[in-house]
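One file, input37.txt, carrying compact mmCIF, C-alpha atoms:
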```txt
# COMPACT_ATOMS: atom_id res chain seq x y z
CA MET A 1 0.00 0.00 0.00
CA ALA A 2 3.02 2.26 -0.48
CA THR A 3 2.12 5.69 -1.81
CA ASP A 4 3.50 6.88 -5.13
CA PRO A 5 6.83 8.56 -4.22
CA VAL A 6 6.17 11.63 -6.39
CA ASN A 7 2.79 12.21 -4.71
CA LEU A 8 4.47 11.75 -1.37
CA GLN A 9 7.11 14.37 -2.15
CA ILE A 10 4.37 16.83 -3.11
CA TYR A 11 2.76 16.29 0.31
CA LEU A 12 6.07 16.70 2.14
CA ALA A 13 7.04 19.85 0.21
CA CYS A 14 3.56 21.40 0.68
CA GLY A 15 3.73 20.66 4.39
CA ALA A 16 7.08 22.43 4.63
CA LEU A 17 5.74 25.39 2.61
CA LEU A 18 2.63 25.67 4.82
CA PHE A 19 4.91 25.76 7.86
CA VAL A 20 7.01 28.57 6.36
CA MET A 21 3.86 30.53 5.38
CA GLY A 22 2.80 30.28 9.03
CA VAL A 23 6.23 31.46 10.26
CA HIS A 24 6.17 34.39 7.84
CA ALA A 25 2.69 35.52 8.88
CA LEU A 26 3.53 35.05 12.56
CA VAL A 27 6.43 37.51 12.23
CA VAL A 28 4.95 39.98 9.74
CA ARG A 29 1.33 40.34 10.93
CA ARG A 30 0.62 42.43 13.99
CA HIS A 31 -2.99 41.51 14.67
CA LEU A 32 -3.12 38.81 17.35
CA LEU A 33 -5.91 36.87 15.60
CA LEU A 34 -3.70 36.59 12.49
CA LYS A 35 -0.80 35.45 14.66
CA ILE A 36 -2.98 32.73 16.24
CA LEU A 37 -4.12 31.62 12.78
CA ALA A 38 -0.47 31.63 11.64
CA ILE A 39 0.50 29.27 14.46
CA ASN A 40 -2.39 26.99 13.45
CA ILE A 41 -1.16 26.96 9.85
CA MET A 42 2.37 26.09 11.04
CA GLY A 43 0.83 23.18 12.95
CA SER A 44 -1.11 22.02 9.88
CA GLY A 45 2.12 22.00 7.87
CA ILE A 46 3.81 19.86 10.50
CA PHE A 47 0.84 17.44 10.54
CA MET A 48 1.05 17.17 6.74
CA VAL A 49 4.78 16.34 6.88
CA LEU A 50 4.15 13.77 9.64
CA LEU A 51 1.37 12.06 7.64
CA GLY A 52 3.57 12.11 4.53
CA VAL A 53 6.41 10.49 6.44
CA ALA A 54 3.97 7.91 7.84
CA ALA A 55 2.92 6.89 4.32
CA GLY A 56 6.48 6.75 2.99
CA GLY A 57 7.70 3.60 4.74
CA GLU A 58 7.99 0.17 3.17
CA GLY A 59 5.94 -1.73 5.77
CA GLY A 60 2.58 -0.07 5.01
CA VAL A 61 1.22 3.07 6.68
CA ASP A 62 2.80 3.75 10.08
CA PRO A 63 -0.02 4.23 12.64
CA VAL A 64 2.12 5.99 15.26
CA PRO A 65 2.43 9.35 13.40
CA HIS A 66 -1.34 9.21 12.79
CA ALA A 67 -1.90 8.89 16.54
CA LEU A 68 0.58 11.73 17.09
CA VAL A 69 -1.29 13.93 14.61
CA ILE A 70 -4.69 13.43 16.23
CA THR A 71 -3.16 14.15 19.62
CA GLY A 72 -1.54 17.24 18.08
CA ILE A 73 -4.84 18.43 16.61
CA VAL A 74 -6.54 18.25 20.00
CA VAL A 75 -3.66 20.04 21.74
CA ALA A 76 -3.58 22.71 19.00
CA LEU A 77 -7.34 23.22 19.41
CA SER A 78 -7.00 23.62 23.19
CA ALA A 79 -4.10 26.06 22.78
CA THR A 80 -6.07 28.03 20.17
CA ALA A 81 -9.08 28.34 22.49
CA VAL A 82 -6.90 29.65 25.33
CA ALA A 83 -5.04 31.99 22.95
CA LEU A 84 -8.33 33.43 21.64
CA VAL A 85 -9.59 34.14 25.15
CA LEU A 86 -6.21 35.75 25.99
CA MET A 87 -6.56 37.87 22.85
CA LEU A 88 -10.01 39.03 23.99
CA ARG A 89 -8.50 39.96 27.36
CA VAL A 90 -5.77 41.98 25.63
CA LYS A 91 -8.45 43.73 23.61
CA ALA A 92 -10.51 44.43 26.73
CA ALA A 93 -7.46 45.81 28.52
CA THR A 94 -5.86 47.89 25.75
CA GLY A 95 -8.68 48.40 23.25
CA LEU A 96 -6.60 46.82 20.49
CA ALA A 97 -6.10 43.14 19.64
CA ARG A 98 -2.64 43.77 18.23
CA LEU A 99 0.86 44.21 19.54
CA PRO A 100 1.61 47.79 20.61
CA ARG A 101 4.35 48.76 18.17
CA SER A 102 4.61 51.43 15.53
CA GLY A 103 5.51 50.22 12.07
CA PRO A 104 4.19 49.65 8.58
CA GLU A 105 0.49 48.77 8.50
CA ASP A 106 -0.57 45.19 7.90
CA MET B 107 11.07 53.74 10.79
CA THR B 108 13.99 52.59 8.63
CA ARG B 109 14.53 49.65 10.96
CA HIS B 110 11.01 48.41 10.27
CA ARG B 111 11.45 49.01 6.55
CA ALA B 112 14.60 46.90 6.62
CA ALA B 113 12.79 44.16 8.53
CA ALA B 114 9.88 44.29 6.07
CA THR B 115 12.20 43.77 3.11
CA LEU B 116 14.38 41.19 4.85
CA MET B 117 11.56 38.99 6.14
CA PRO B 118 10.36 37.69 2.73
CA LEU B 119 13.94 36.82 1.82
CA MET B 120 14.44 34.95 5.08
CA SER B 121 11.11 33.13 4.64
CA LEU B 122 12.12 32.10 1.12
CA ALA B 123 15.48 30.85 2.39
CA LEU B 124 13.77 28.89 5.19
CA ALA B 125 11.26 27.46 2.70
CA GLY B 126 14.08 26.31 0.42
CA LEU B 127 16.00 24.71 3.27
CA LEU B 128 12.94 22.92 4.69
CA VAL B 129 11.73 21.64 1.30
CA VAL B 130 15.19 20.25 0.53
CA ALA B 131 15.33 18.71 4.00
CA VAL B 132 11.92 16.97 3.85
CA LEU B 133 12.51 15.73 0.29
CA ASP B 134 15.86 14.31 1.42
CA LEU B 135 14.35 12.24 4.26
CA PRO B 136 15.51 8.63 3.99
CA PRO B 137 12.65 6.14 3.57
CA GLN B 138 11.99 4.27 6.78
CA SER B 139 9.36 1.82 7.92
CA GLY B 140 9.01 3.52 11.31
CA LEU B 141 6.98 1.65 13.90
CA ALA B 142 4.53 -0.04 11.51
CA GLU B 143 6.02 -3.51 12.07
CA PRO B 144 6.19 -3.49 15.91
CA VAL B 145 2.58 -2.23 15.99
CA ALA B 146 1.43 -4.90 13.51
CA GLY B 147 3.21 -7.53 15.64
CA ALA B 148 1.39 -6.48 18.81
CA MET B 149 -2.09 -6.15 17.26
CA ASP B 150 -3.23 -9.56 18.57
CA ARG B 151 -2.96 -8.17 22.12
CA ALA B 152 -4.51 -4.78 21.35
CA GLY B 153 -8.19 -5.68 21.76
CA VAL B 154 -9.13 -3.55 18.72
CA ASP B 155 -8.57 -4.08 15.00
CA HIS B 156 -7.59 -0.59 13.92
CA PRO B 157 -3.88 0.15 14.43
CA VAL B 158 -4.35 3.91 15.12
CA THR B 159 -6.96 3.21 17.83
CA ALA B 160 -4.68 0.49 19.23
CA VAL B 161 -1.80 2.99 19.48
CA LEU B 162 -4.03 5.71 20.93
CA LEU B 163 -5.89 3.70 23.56
CA ASN B 164 -3.64 0.75 24.30
CA PHE B 165 0.05 1.02 23.41
CA ARG B 166 0.30 4.76 24.07
CA ALA B 167 -2.77 5.20 26.28
CA TYR B 168 -0.73 7.44 28.56
CA ASP B 169 -0.43 10.08 25.82
CA THR B 170 -4.17 9.99 25.14
CA PHE B 171 -4.90 10.29 28.85
CA LEU B 172 -2.70 13.40 29.05
CA GLU B 173 -4.38 14.74 25.90
CA LEU B 174 -7.74 14.58 27.69
CA ALA B 175 -6.06 16.34 30.62
CA VAL B 176 -4.89 19.10 28.24
CA LEU B 177 -8.51 19.62 27.11
CA LEU B 178 -9.61 19.85 30.74
CA LEU B 179 -6.80 22.32 31.50
CA ALA B 180 -7.82 24.44 28.52
CA VAL B 181 -11.39 24.74 29.85
CA LEU B 182 -10.04 25.64 33.30
CA ALA B 183 -7.77 28.31 31.77
CA VAL B 184 -10.62 29.73 29.66
CA TRP B 185 -12.92 29.81 32.69
CA SER B 186 -10.23 31.50 34.81
CA LEU B 187 -9.68 34.21 32.21
CA GLY B 188 -13.41 34.81 32.14
CA ARG B 189 -15.53 36.45 29.53
CA ARG B 190 -18.55 38.58 30.25
CA ASP B 191 -19.83 39.67 26.85
CA PRO B 192 -23.13 38.04 25.86
CA ILE B 193 -23.29 35.20 23.34
CA PRO B 194 -24.84 36.16 19.97
CA ALA B 195 -28.52 37.04 20.20
CA ARG B 196 -31.08 34.32 19.68
CA PRO B 197 -31.75 34.31 15.92
CA VAL B 198 -35.23 34.88 14.53
CA GLN B 199 -36.92 31.51 14.80
CA GLY B 200 -38.53 30.28 11.59
CA PRO B 201 -39.66 27.05 9.99
CA VAL B 202 -36.37 26.62 8.05
CA LEU B 203 -34.22 26.90 11.18
CA HIS B 204 -36.45 24.53 13.14
CA GLY B 205 -36.72 21.99 10.34
CA THR B 206 -32.98 22.02 9.69
CA LEU B 207 -32.15 21.57 13.36
CA ARG B 208 -34.74 18.83 13.77
CA HIS B 209 -32.97 16.85 11.04
CA LEU B 210 -29.34 17.83 11.66
CA ILE B 211 -29.12 17.27 15.41
CA PRO B 212 -30.27 13.61 15.35
CA VAL B 213 -28.01 12.96 12.33
CA ALA B 214 -25.06 14.48 14.22
CA VAL B 215 -25.80 12.41 17.33
CA VAL B 216 -26.05 9.17 15.32
CA THR B 217 -22.91 10.06 13.32
CA GLY B 218 -20.96 10.88 16.48
CA GLY B 219 -22.04 7.64 18.15
CA TYR B 220 -21.19 5.65 15.03
CA LEU B 221 -17.72 7.25 14.79
CA VAL B 222 -16.94 6.26 18.39
CA TRP B 223 -18.24 2.73 17.78
CA VAL B 224 -16.43 2.18 14.49
CA GLY B 225 -13.10 3.42 15.91
CA SER B 226 -12.16 -0.10 17.01
CA SER B 227 -12.15 -1.48 13.48
CA ASP B 228 -11.94 1.46 11.08
CA SER B 229 -11.18 5.18 10.95
CA GLY B 230 -12.99 6.93 13.78
CA GLY B 231 -12.72 7.16 17.53
CA ALA B 232 -13.48 9.22 20.59
CA PHE B 233 -12.09 12.49 19.26
CA GLN B 234 -13.82 12.31 15.90
CA GLY B 235 -17.13 11.32 17.50
CA GLY B 236 -16.71 13.93 20.22
CA ALA B 237 -16.01 16.63 17.63
CA VAL B 238 -19.25 15.83 15.74
CA LEU B 239 -21.28 15.81 18.98
CA GLY B 240 -19.57 19.05 20.02
CA ALA B 241 -20.49 20.64 16.68
CA ALA B 242 -24.12 19.66 17.28
CA GLY B 243 -23.91 21.28 20.70
CA VAL B 244 -22.45 24.50 19.29
CA MET B 245 -25.16 24.59 16.62
CA LEU B 246 -27.84 24.17 19.29
CA MET B 247 -26.17 26.86 21.40
CA LEU B 248 -26.15 29.36 18.51
CA SER B 249 -29.67 28.75 17.21
CA ARG B 250 -31.45 28.06 20.52
CA PRO B 251 -34.75 26.70 19.19
CA ARG B 252 -36.00 26.96 22.77
CA GLU B 253 -34.60 28.94 25.69
CA LEU B 254 -33.12 25.92 27.39
CA PRO B 255 -31.50 26.40 30.80
CA MET B 256 -27.72 25.85 30.90
CA LEU B 257 -26.56 22.57 32.35
CA PRO B 258 -26.19 23.11 36.14
CA ALA B 259 -22.59 23.95 37.13
CA PRO B 260 -21.93 20.74 39.13
CA LEU B 261 -23.10 18.62 36.18
CA GLN B 262 -20.88 20.64 33.79
CA ARG B 263 -17.83 20.00 35.96
CA LEU B 264 -18.69 16.33 36.39
CA GLY B 265 -19.10 15.91 32.62
CA LEU B 266 -15.83 17.70 31.88
CA ALA B 267 -13.82 15.59 34.31
CA LEU B 268 -15.58 12.27 33.62
CA GLY B 269 -13.37 11.24 30.66
CA VAL B 270 -10.10 11.87 32.51
CA CYS B 271 -11.41 10.25 35.72
CA VAL B 272 -12.65 7.06 34.04
CA PHE B 273 -9.42 6.79 32.03
CA LEU B 274 -7.33 7.28 35.18
CA ALA B 275 -9.43 4.75 37.14
CA VAL B 276 -9.03 2.09 34.42
CA GLY B 277 -5.31 2.86 34.13
CA THR B 278 -4.77 2.59 37.88
CA ALA B 279 -6.78 -0.64 38.01
CA GLY B 280 -4.43 -2.01 35.34
CA LEU B 281 -1.46 -1.03 37.52
CA LEU B 282 -2.94 -2.80 40.56
CA ALA B 283 -3.81 -5.88 38.50
CA GLY B 284 -0.20 -6.18 37.34
CA HIS B 285 -0.52 -4.99 33.73
CA GLY B 286 1.37 -1.76 34.34
CA PHE B 287 -0.04 1.77 34.45
CA MET B 288 -2.54 2.24 31.58
CA GLY B 289 -2.31 -1.47 30.76
CA TYR B 290 -5.34 -3.71 30.28
CA PRO B 291 -5.80 -7.45 30.65
CA PRO B 292 -5.88 -8.61 26.98
CA ASP B 293 -9.28 -10.33 27.32
CA TRP B 294 -10.84 -7.17 28.72
CA ALA B 295 -9.09 -4.72 26.41
CA TYR B 296 -11.99 -4.30 23.95
CA PRO B 297 -14.80 -3.52 26.43
CA LEU B 298 -12.49 -1.28 28.48
CA ILE B 299 -11.32 0.66 25.41
CA LEU B 300 -14.89 1.05 24.14
CA GLY B 301 -16.06 2.24 27.57
CA ILE B 302 -13.23 4.77 27.83
CA GLU B 303 -13.93 6.01 24.29
CA LEU B 304 -17.67 6.49 24.94
CA VAL B 305 -17.09 8.45 28.14
CA ALA B 306 -14.20 10.40 26.58
CA ALA B 307 -16.34 11.34 23.55
CA LEU B 308 -19.04 12.79 25.84
CA SER B 309 -16.43 14.75 27.82
CA ILE B 310 -14.79 15.99 24.62
CA ALA B 311 -18.13 17.14 23.19
CA LEU B 312 -18.97 19.02 26.37
CA THR B 313 -15.43 20.49 26.50
CA LEU B 314 -15.74 21.78 22.94
CA VAL B 315 -19.11 23.43 23.61
CA LEU B 316 -17.81 25.04 26.81
CA LEU B 317 -14.60 26.20 25.08
CA PHE B 318 -16.84 27.78 22.43
CA LEU B 319 -18.88 29.54 25.10
CA GLY B 320 -15.58 30.62 26.67
CA GLY B 321 -16.77 31.11 30.22
CA ARG B 322 -19.97 32.86 29.20
CA HIS B 323 -23.30 31.56 30.34
CA GLY B 324 -26.18 30.72 28.08
CA HIS B 325 -28.29 33.70 29.10
```
Output the file's structure in the form of structure tokens.
Amino acid sequence: MATDPVNLQIYLACGALLFVMGVHALVVRRHLLLKILAINIMGSGIFMVLLGVAAGGEGGVDPVPHALVITGIVVALSATAVALVLMLRVKAATGLARLPRSGPED
Amino acid sequence: MTRHRAAATLMPLMSLALAGLLVVAVLDLPPQSGLAEPVAGAMDRAGVDHPVTAVLLNFRAYDTFLELAVLLLAVLAVWSLGRRDPIPARPVQGPVLHGTLRHLIPVAVVTGGYLVWVGSSDSGGAFQGGAVLGAAGVMLMLSRPRELPMLPAPLQRLGLALGVCVFLAVGTAGLLAGHGFMGYPPDWAYPLILGIELVAALSIALTLVLLFLGGRHGH
């Protein structure tokens, strides 16, 4: 049940690119909601690479990375929920849901 | 603001460099069979037929237990931070909303239950089932076909903690019975795993709805 290696490489490369898109947005964007979304996109890229690696072995699909990914999804969801509530607290305290720094607009 | 200008021009270049490095690195990964063979070799003792469920609830049950604990911690953190703004107003109730809900909610409940049940032999499991049930709960919370009272606070807390508590109780019982912490007797593995998954799915669904409400109350 080995996956076609070319398909697999597309998945791996797209996972890496998703991760970098997340890193870029995390640094460039100033709005906290966009930063939280960026971290989620980084996580999705990592999950994609993990699933690609799991399908790349010779002995069929490796179930352990799949279990890791579903654990990761749940942890990412919990972290996102806490981050969103923190963002709302920042907004309630400062009036703005973005980092206080002058610079080029988003 | 020249410093920010410099950062704004440098960042795309650095992202491109990182992208190049990472793509080369992941494409250069040596093929490896990972842990597929050890898992396949231990499947006769797993109590379930699906390897991912076997890893999640038997071989690495400790991780899944801590994952449920992370969900519980997230609710506690969200509740501690508090949120006082009201949830969105009750939408105008009409025949389309009522009819849709009347069909969607039972379908979601059956789908969620099926996903938990099928997890032992096919793709599915407590988290998938819990997510579908949680989505039904969020839908109900947003549309509010009737002004239902919120679940009483003690029941909420009991429901949230039930998954972790049952998992911990079964894991400790395994330790006392000599199968190691989070170990099951092989003959009992299937009913124990199914029981843990059912309770965990209910706790996960409730956790998701309460995370969505974010410490607000239904009124």
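Minimum atom-to-atom distance to A:Ala83, evaluated using all atoms listed in the file, belongs to B:Ala180 out of B:Leu266, B:Ala180, B:Ala148, B:Val154.
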Exercise for review: Excluding A:Ala13 and any residue of its chain fewer than 3 positions from it, enumerate the residues within 10 Å of it, using only C-alpha atoms, and give them as an MDAnalysis selection string.
Suggested key: (chainID A and resid 8:10 16:19 45 48:49 52) or (chainID B and resid 125:126 128:133)
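Atom CA of A:Thr71 to atom CA of A:Val53 spans 16.7 Å [interatomic distance, one decimal].
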Item checked: Selection near A:Val64, 9 Å with all atoms listed in the file, sequence-local residues under 5 positions removed, as a ChimeraX atom specification -> /A:54,69 /B:140-142,145,157-158,161-162
Residue list for chain A near chain B as a PDB file with C-alpha atoms, in the frame of the given file, 8 Å, all atoms listed in the file:
```pdb
ATOM      1  CA  GLN A   9       7.110  14.370  -2.150  1.00  0.00           C
ATOM      2  CA  LEU A  12       6.070  16.700   2.140  1.00  0.00           C
ATOM      3  CA  ALA A  13       7.040  19.850   0.210  1.00  0.00           C
ATOM      4  CA  ALA A  16       7.080  22.430   4.630  1.00  0.00           C
ATOM      5  CA  LEU A  17       5.740  25.390   2.610  1.00  0.00           C
ATOM      6  CA  VAL A  20       7.010  28.570   6.360  1.00  0.00           C
ATOM      7  CA  MET A  21       3.860  30.530   5.380  1.00  0.00           C
ATOM      8  CA  VAL A  23       6.230  31.460  10.260  1.00  0.00           C
ATOM      9  CA  HIS A  24       6.170  34.390   7.840  1.00  0.00           C
ATOM     10  CA  VAL A  28       4.950  39.980   9.740  1.00  0.00           C
ATOM     11  CA  VAL A  49       4.780  16.340   6.880  1.00  0.00           C
ATOM     12  CA  ALA A  54       3.970   7.910   7.840  1.00  0.00           C
ATOM     13  CA  GLY A  56       6.480   6.750   2.990  1.00  0.00           C
ATOM     14  CA  GLY A  57       7.700   3.600   4.740  1.00  0.00           C
ATOM     15  CA  GLU A  58       7.990   0.170   3.170  1.00  0.00           C
ATOM     16  CA  GLY A  59       5.940  -1.730   5.770  1.00  0.00           C
ATOM     17  CA  GLY A  60       2.580  -0.070   5.010  1.00  0.00           C
ATOM     18  CA  VAL A  61       1.220   3.070   6.680  1.00  0.00           C
ATOM     19  CA  ASP A  62       2.800   3.750  10.080  1.00  0.00           C
ATOM     20  CA  PRO A  63      -0.020   4.230  12.640  1.00  0.00           C
ATOM     21  CA  VAL A  64       2.120   5.990  15.260  1.00  0.00           C
ATOM     22  CA  HIS A  66      -1.340   9.210  12.790  1.00  0.00           C
ATOM     23  CA  ALA A  67      -1.900   8.890  16.540  1.00  0.00           C
ATOM     24  CA  THR A  71      -3.160  14.150  19.620  1.00  0.00           C
ATOM     25  CA  VAL A  74      -6.540  18.250  20.000  1.00  0.00           C
ATOM     26  CA  VAL A  75      -3.660  20.040  21.740  1.00  0.00           C
ATOM     27  CA  SER A  78      -7.000  23.620  23.190  1.00  0.00           C
ATOM     28  CA  ALA A  79      -4.100  26.060  22.780  1.00  0.00           C
ATOM     29  CA  ALA A  81      -9.080  28.340  22.490  1.00  0.00           C
ATOM     30  CA  VAL A  82      -6.900  29.650  25.330  1.00  0.00           C
ATOM     31  CA  VAL A  85      -9.590  34.140  25.150  1.00  0.00           C
ATOM     32  CA  LEU A  86      -6.210  35.750  25.990  1.00  0.00           C
ATOM     33  CA  ARG A  89      -8.500  39.960  27.360  1.00  0.00           C
ATOM     34  CA  GLY A 103       5.510  50.220  12.070  1.00  0.00           C
ATOM     35  CA  PRO A 104       4.190  49.650   8.580  1.00  0.00           C
TER      36      PRO A 104
END
```
Pairwise distance, atom CA of B:Trp223 with atom CA of B:Leu300, equals 7.4 Å
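Computed from the coordinates, the atom CA of A:Cys14 to atom CA of A:Ala38 distance equals 15.5 Å.
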Set the distance at 9 Å and use only C-alpha atoms: which residues neighbour A:Thr80 once local chain neighbours fewer than 3 positions away are removed? I'd like the list as a JSON list (two decimals) with C-alpha atoms, in the frame of the given file.
```json
[["chain", "number", "residue", "atom", "x", "y", "z"],
["A", 36, "ILE", "CA", -2.98, 32.73, 16.24],
["A", 37, "LEU", "CA", -4.12, 31.62, 12.78],
["A", 39, "ILE", "CA", 0.50, 29.27, 14.46],
["A", 40, "ASN", "CA", -2.39, 26.99, 13.45],
["A", 75, "VAL", "CA", -3.66, 20.04, 21.74],
["A", 76, "ALA", "CA", -3.58, 22.71, 19.00],
["A", 77, "LEU", "CA", -7.34, 23.22, 19.41],
["A", 83, "ALA", "CA", -5.04, 31.99, 22.95],
["A", 84, "LEU", "CA", -8.33, 33.43, 21.64],
["A", 85, "VAL", "CA", -9.59, 34.14, 25.15]]
```
- Item | Residue neighbourhood stretch 246-257 of chain B, 9 Å, only C-alpha atoms, exclusion window fewer than 3 positions, as number ranges by chain | B: 193-199, 203-204, 207, 211, 241-243, 260-262, 315, 319, 323-325
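Using only C-alpha atoms, the protein and nucleic acid residues lying no more than 12 Å from B:Ala295, apart from those fewer than 5 places from it along its own chain, are Met149, Asp150, Arg151, Ala152, Gly153, Val154, Asp155, Thr159, Ala160, Leu163, Asn164, Phe165, Ala167, Ser226, Val276, Gly277, Gly280, His285, Met288, Gly289, Tyr290, Leu300, Gly301, Ile302 and Glu303 of chain B.
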